[in-house]
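As structure tokens, the structure follows; a few thoughts come after it.
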Amino acid sequence: MWALLVLIGAAAVSAHLQDLAFDGQKVFRVIPQNDEQVAIINSLASNIEVDFWQPDSVTLVRPKMQVDFRVEADISFEVEDLLKESGMEYRVLIDNLQAAVDAQFDSKARTTSHSYEKYNNWETIAAWTADIAAQNPDLVSRSVIGETYEGRPMYILKMGKSGPNKKAIFMDCGFHAREWISPAFCQWFVKEAVETYGKDTVMTTLLDSLDFYVLPVVNIDGYVYTWTKDRMWRKTRSKNAGSHCLGTDPNRNFNAGWCTLGASKRPCDSTYCGSAPESEKETKALADFIREHLSTIKAYLTIHSYSQLLLFPYSYTYKLPSNYEELKSIAHAAAKQLASLYNTKYTYGPGATAIYPAAGGSDDWAYDEGIKYSFTFELRDTGRYGFILPESQIKPTCEETLLAVKYIANYVLEHLY
């Protein structure tokens, strides 16, 4: 078996010289049963480039855990042989990643302009933020909270009827560049708010009584890169001193147990925590905005994918938050609301135990700043498509998620502090 690993390592070097097309790349799901099988996954990851989808780092792999990872085409058969030989339980989730990438664009919406049922590139989203504000001046305004490493403006939409001393809910999407369903939800939420205001009693009450700050894409540079160069890119695009590897994981870059559990100090890793908390212009802009509005922001919602989870603090420690019972009951009820539409099952709980430990996340940071209602959504699916969720699933995913978000927002409104 170890000879196989050496062979795989040699093949990987030549693979890297080719273009990043995904033809023949495979996504495997394995469930290691014991420490020995975990060690095999670790040695595999140290010999070749393995892109971990779930969990997002090999260091988090434990016995009995479901592990999804992607490997290059020319070593996929050797990897499969290795898994067979090890006796590990495995299956191929995606047999040819390029085919899945091509198939994600299956929307019936035949338009080159912005569509809520398609994945929109950054230029289209940026133009949409201006349009939606211009078309709904009494409900939506747009401002810039900072700029990205590559100099793109970070637009935020403020939604709500103007009124005195309004409290607010902050929601962001697109932390991890390849999680395309996430920005799709932020756009959907804004659409629903403006279209159903005055018709839907819950939405009308929410917008009359609260403001919503919606940041449609946090990691804009990374998102652009997934459209132009590498669909599987995750991090920001900043340069790292002393390394040829670019980018920081923005959701490991906050000052909440920074760079401890589930984060890496190595710039080449997908969970690299950055050179310091808020080293990334994007995370600093977001954190600065929340700090400036801390007296009014009463809930923080951050949208990721995939796994169908509704998480709350903490992820950087196994310690439970002081209002654990309340957060658990909100998550339980929100997950029930979400499932009421298409019967999509969500698991909920504190991040560290419900998924895996991860330090430096925005949800934990917001909670520690005093925002006691802080939640992370991990949207569809559970791995059949993973990050390559087809466009035909945008509408149902957003419709069901909206029910949970409205439930949480309404709860917050009734429990203002």
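Ordered as shown in the structure tokens, chains take letters A, B, and onward, while each chain numbers its residues from 1 and ligands are numbered from 1 in the order shown.
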Residue set, segment 141-317 of chain A restricted to alpha helix (DSSP H), as an MDAnalysis selection string: chainID A and resid 181:196 201:209 220:228 281:292
Per-residue DSSP, segment 38-175 of chain A, filtered to strand (DSSP E or B), as an MDAnalysis selection string: chainID A and resid 51:54 67:71 89:94 140:147 153:159 167:173
Per-residue nearest contacts segment 144-172 of chain A to segment 359-363 of chain A, cut-off 12 Å, using only C-alpha atoms, as CSV:
```
residue,atom,partner,partner_atom,distance
A:Phe170,CA,A:Asp363,CA,11.0
A:Met171,CA,A:Asp363,CA,10.6
A:Asp172,CA,A:Ser362,CA,10.0
```
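Nearest residue to Asn343 of chain A among A:Glu400, A:Lys284, A:Thr124, A:Ala103 is A:Glu400, counting only C-alpha atoms.
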Write out as a tab-separated table the residues of segment 72-138 of chain A that have any atom within 9 Å of an atom of segment 46-68 of chain A, one row each with the nearest atom pair and its distance in Å to one decimal, counting only C-alpha atoms, sorted by chain and then rising number.
```
residue	atom	partner	partner_atom	distance
A:Glu72	CA	A:Glu49	CA	7.8
A:Ile75	CA	A:Ile48	CA	8.9
A:Leu93	CA	A:Asp68	CA	8.2
```
